[in-house]
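A short worksheet on the structure shown next.
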Amino acid sequence: MKKLRVLASLLSIGLVISGCSSASSKEEGSTKKVNKGFKAEHLHGIAYAADQNIYIATHEGMLSTEGGENWTFKGNYDFDFMGFNVMSDGTMISSGHPGKASNLPNPLGFMVSKNNGEKWEPISLLGKVDFHILSSNFSKPDFVYGVNQMDSGNYKAGIYKSTNGGEDWELLNSSGLPQDLHTIYSIVSMPDNENVLLAGTDSGILRSEDGGITWGLYDQSRLITAFGVLPDTKNLIGYSITNQGAGITTSSDEGQTWLDKGFDLGQDAVAYFGINPKDSKKIAISTFENSVFYTEDGGGDWKPLMDKGVVQ
């Protein structure tokens, strides 16, 4: 499995890639303008929000752009956003670490923003847990799954589940997961069944049918590095790597079969999907090497937004 071994090496490197900016920026109210050429550090999520803009979670704040125009940092937050995602009802969710200008404890626990990143509100686990992966169910967004990859005080590593929008959490007594939870790259619950989940791991696709408690190997032939849900069809979308090749792929049968859509990124791979909630043909992706692309025709034509962290 040469391709998979190359990718595994890339993924471990991708967690520590950093960069610095030589570009200038300008304060403007609750946003900070970003010029082309600005270089962001680690990218930790991407999404389309209710305002139709693309949002990118970074090591130093939340970037926003209107399809490659008018780049800004939103909200004057310099948080290190982790596990960033947008629920199907438009609510942004995230975790991570506070910036130098913040007096919040570290880590940030579970946070939400209901105004497209202008203001973030800590909801739970503040100062206790840093979720690197957060995923809410498409049809029932109050069902949220979070992956805590390392022990943090009394909060053990594992998959946590909330059924009330992140206010309360249960650590699942899961079996069948990899011993090293860093080898879980993405999880998704089925759009019409919040208790059926898939996880993309180094070993292949794992599946749970009891809400994340029991996991079994579902597809050993491929590694899915990122999952998403297409809102118009509720089909799954993922970035798949097999011995035969790699690329974006979709499934209409809960991951039993996959339809190849192309866009092989070579030794890079998709880390996160952002899908427009009103138009599934508008998709944005960020990669492990901090590049960002978007398409407005369902993947026929991909345009670059960032090249290894540099705004284009």
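Going through the structure tokens in order, the chains are called A, B, and so on, while each chain numbers its residues from 1 and the ligands are numbered from 1 in the order shown.
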
Using only C-alpha atoms, find each residue in region 41-79 of chain A having at least one atom no more than 12 Å away from region 127-137 of chain A; report its shortest atom-to-atom pair and that distance in Å (one decimal), rows by chain then rising number, as JSON lines.
{"residue": "A:Leu43", "atom": "CA", "partner": "A:His132", "partner_atom": "CA", "distance": 11.7}
{"residue": "A:His44", "atom": "CA", "partner": "A:His132", "partner_atom": "CA", "distance": 8.2}
{"residue": "A:Gly45", "atom": "CA", "partner": "A:Ile133", "partner_atom": "CA", "distance": 9.2}
{"residue": "A:Ala57", "atom": "CA", "partner": "A:His132", "partner_atom": "CA", "distance": 11.8}

Check which residues of region 194-250 of chain A sit at most 6 Å from region 260-264 of chain A using only C-alpha atoms, and return one row each with the closest pair of atoms and their distance in Å to one decimal, ordered by chain and rising number, as a Markdown table.
| residue | atom | partner | partner_atom | distance |
| --- | --- | --- | --- | --- |
| A:Ala246 | CA | A:Asp264 | CA | 5.1 |
| A:Gly247 | CA | A:Asp264 | CA | 4.3 |
| A:Ile248 | CA | A:Lys261 | CA | 5.2 |
| A:Thr249 | CA | A:Asp260 | CA | 4.5 |

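For the set A:Pro122, A:Gly61, A:Pro141, A:Pro107, the residue with the smallest atom-to-atom gap to Asn76 (chain A) is A:Gly61, counting only C-alpha atoms.
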
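Here the question is which of A:Leu230, A:Val310, A:Ile237, A:Ile224 gets nearest to Ser251 (chain A) using only C-alpha atoms, and that residue is A:Ile237.
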
Inset, instruction - Would you list the contacts of Thr65 (chain A) as a PyMOL selection string, taking every protein, DNA or RNA residue within 8 Å and counting only C-alpha atoms, but skipping same-chain residues closer than 6 positions in sequence? - result: chain A and resi 53-55+71-72

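Considering the residues A:Glu66, A:Phe79, A:Asp297, A:Ile46 and counting only C-alpha atoms, Val270 (chain A) has its shortest atom-to-atom contact with A:Ile46.
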
Inset, instruction - Name all residues at most 9 Å from Gly90 (chain A) (count only C-alpha atoms; drop same-chain ones fewer than 2 positions away) and give them as a PyMOL selection string. - result: chain A and resi 48-50+86-88+92+114-116+277

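Distances to Asp192 (chain A) were evaluated for A:Val229, A:Leu206, A:Leu217, A:Leu305 using only C-alpha atoms, and the minimum falls at A:Val229.
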
Legend entry - Polymer residues at most 12 Å from Phe143 (chain A), only C-alpha atoms, same-chain spacing of 6 or more positions, as a PyMOL selection string: chain A and resi 87-88+134-137+160-170+188-197+211-212

Now that the selection is made, can you save its residues with N, CA and C atoms as an mmCIF file, in the first residue's frame?
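Written file, again-v5.cif:
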data_model
loop_
_atom_site.group_PDB
_atom_site.id
_atom_site.type_symbol
_atom_site.label_atom_id
_atom_site.label_comp_id
_atom_site.auth_asym_id
_atom_site.auth_seq_id
_atom_site.Cartn_x
_atom_site.Cartn_y
_atom_site.Cartn_z
ATOM 1 N N MET A 87 -23.066 23.561 11.522
ATOM 2 C CA MET A 87 -24.235 22.701 11.567
ATOM 3 C C MET A 87 -25.163 23.015 10.395
ATOM 4 N N SER A 88 -26.072 22.093 10.115
ATOM 5 C CA SER A 88 -27.008 22.304 9.011
ATOM 6 C C SER A 88 -27.963 23.465 9.275
ATOM 7 N N LEU A 134 -15.071 17.715 15.253
ATOM 8 C CA LEU A 134 -16.454 17.912 15.662
ATOM 9 C C LEU A 134 -17.347 17.668 14.456
ATOM 10 N N SER A 135 -18.423 16.928 14.658
ATOM 11 C CA SER A 135 -19.334 16.627 13.556
ATOM 12 C C SER A 135 -20.746 16.558 14.096
ATOM 13 N N SER A 136 -21.665 17.321 13.495
ATOM 14 C CA SER A 136 -23.063 17.261 13.910
ATOM 15 C C SER A 136 -23.886 16.571 12.833
ATOM 16 N N ASN A 137 -24.974 15.932 13.246
ATOM 17 C CA ASN A 137 -25.820 15.232 12.305
ATOM 18 C C ASN A 137 -26.570 16.225 11.427
ATOM 19 N N TYR A 160 -16.824 11.702 22.313
ATOM 20 C CA TYR A 160 -17.847 12.280 23.172
ATOM 21 C C TYR A 160 -19.093 12.553 22.333
ATOM 22 N N LYS A 161 -20.258 12.427 22.984
ATOM 23 C CA LYS A 161 -21.516 12.611 22.274
ATOM 24 C C LYS A 161 -22.407 13.581 23.051
ATOM 25 N N SER A 162 -23.029 14.502 22.312
ATOM 26 C CA SER A 162 -24.015 15.406 22.888
ATOM 27 C C SER A 162 -25.315 15.278 22.113
ATOM 28 N N THR A 163 -26.430 15.265 22.838
ATOM 29 C CA THR A 163 -27.738 15.203 22.184
ATOM 30 C C THR A 163 -28.511 16.508 22.338
ATOM 31 N N ASN A 164 -27.858 17.529 22.913
ATOM 32 C CA ASN A 164 -28.532 18.817 23.106
ATOM 33 C C ASN A 164 -27.671 19.989 22.643
ATOM 34 N N GLY A 165 -27.056 19.815 21.484
ATOM 35 C CA GLY A 165 -26.317 20.916 20.876
ATOM 36 C C GLY A 165 -25.031 21.290 21.564
ATOM 37 N N GLY A 166 -24.433 20.369 22.317
ATOM 38 C CA GLY A 166 -23.140 20.623 22.932
ATOM 39 C C GLY A 166 -23.194 21.142 24.348
ATOM 40 N N GLU A 167 -24.387 21.209 24.941
ATOM 41 C CA GLU A 167 -24.484 21.680 26.328
ATOM 42 C C GLU A 167 -24.002 20.616 27.303
ATOM 43 N N ASP A 168 -24.320 19.365 27.045
ATOM 44 C CA ASP A 168 -23.896 18.249 27.892
ATOM 45 C C ASP A 168 -23.252 17.176 27.025
ATOM 46 N N TRP A 169 -22.261 16.488 27.600
ATOM 47 C CA TRP A 169 -21.501 15.513 26.832
ATOM 48 C C TRP A 169 -21.378 14.207 27.599
ATOM 49 N N GLU A 170 -21.349 13.120 26.849
ATOM 50 C CA GLU A 170 -21.119 11.793 27.396
ATOM 51 C C GLU A 170 -19.905 11.183 26.705
ATOM 52 N N VAL A 188 -18.522 10.937 10.468
ATOM 53 C CA VAL A 188 -19.788 11.476 9.974
ATOM 54 C C VAL A 188 -20.904 10.548 10.440
ATOM 55 N N SER A 189 -22.029 11.128 10.865
ATOM 56 C CA SER A 189 -23.217 10.323 11.164
ATOM 57 C C SER A 189 -24.155 10.412 9.978
ATOM 58 N N MET A 190 -24.832 9.320 9.697
ATOM 59 C CA MET A 190 -25.687 9.280 8.518
ATOM 60 C C MET A 190 -26.789 10.333 8.619
ATOM 61 N N PRO A 191 -27.051 11.042 7.536
ATOM 62 C CA PRO A 191 -27.983 12.177 7.580
ATOM 63 C C PRO A 191 -29.359 11.844 8.141
ATOM 64 N N ASP A 192 -29.847 10.611 7.921
ATOM 65 C CA ASP A 192 -31.178 10.235 8.403
ATOM 66 C C ASP A 192 -31.134 9.221 9.542
ATOM 67 N N ASN A 193 -29.943 9.012 10.103
ATOM 68 C CA ASN A 193 -29.825 8.116 11.248
ATOM 69 C C ASN A 193 -28.597 8.526 12.044
ATOM 70 N N GLU A 194 -28.822 9.303 13.087
ATOM 71 C CA GLU A 194 -27.725 9.866 13.858
ATOM 72 C C GLU A 194 -26.909 8.818 14.599
ATOM 73 N N ASN A 195 -27.422 7.588 14.711
ATOM 74 C CA ASN A 195 -26.720 6.543 15.445
ATOM 75 C C ASN A 195 -25.834 5.669 14.564
ATOM 76 N N VAL A 196 -25.869 5.887 13.256
ATOM 77 C CA VAL A 196 -24.991 5.167 12.343
ATOM 78 C C VAL A 196 -23.874 6.112 11.911
ATOM 79 N N LEU A 197 -22.641 5.735 12.195
ATOM 80 C CA LEU A 197 -21.493 6.597 11.930
ATOM 81 C C LEU A 197 -20.439 5.867 11.115
ATOM 82 N N GLY A 211 -24.541 4.383 17.711
ATOM 83 C CA GLY A 211 -24.219 5.717 18.214
ATOM 84 C C GLY A 211 -22.798 5.908 18.662
ATOM 85 N N GLY A 212 -21.865 5.128 18.119
ATOM 86 C CA GLY A 212 -20.452 5.330 18.401
ATOM 87 C C GLY A 212 -19.895 4.460 19.502
#

Inset, instruction - Using only C-alpha atoms, determine which residues lie at most 7 Å from Ser95 (chain A), disregarding the query and same-chain residues fewer than 6 positions distant; provide the list as a ChimeraX atom specification. - result: /A:81-84,108-111,130-131

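Nearest to His59 (chain A) of all the residues A:Gly176, A:Lys278, A:Gly37, A:Gly309 is A:Gly309, counting only C-alpha atoms.
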
Inset, instruction - Pick out the closest residue to Ala271 (chain A) from this set: A:Trp120, A:Phe288, A:Tyr294, A:Tyr145. Count only C-alpha atoms. - result: A:Phe288

Inset, instruction - Report as a PyMOL selection string: the residues of region 61-285 of chain A with a DSSP assignment of strand (DSSP E), based on the backbone of this structure. - result: chain A and resi 61-66+69-74+80-86+92-97+110-113+121-124+133-136+144-148+158-162+170-171+184-190+193-201+204-208+216-219+223-229+236-242+245-251+259-262+270-275+283-285

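In this structure, CA of Asp89 (chain A) sits 19.5 Å away from CA of Met62 (chain A).
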
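Taking CA of Asp219 (chain A) and CA of Gly255 (chain A) as endpoints, the distance between them is 8.5 Å.
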
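Between CA of Asn85 (chain A) and CA of Asn290 (chain A) there is a distance of 16.7 Å.
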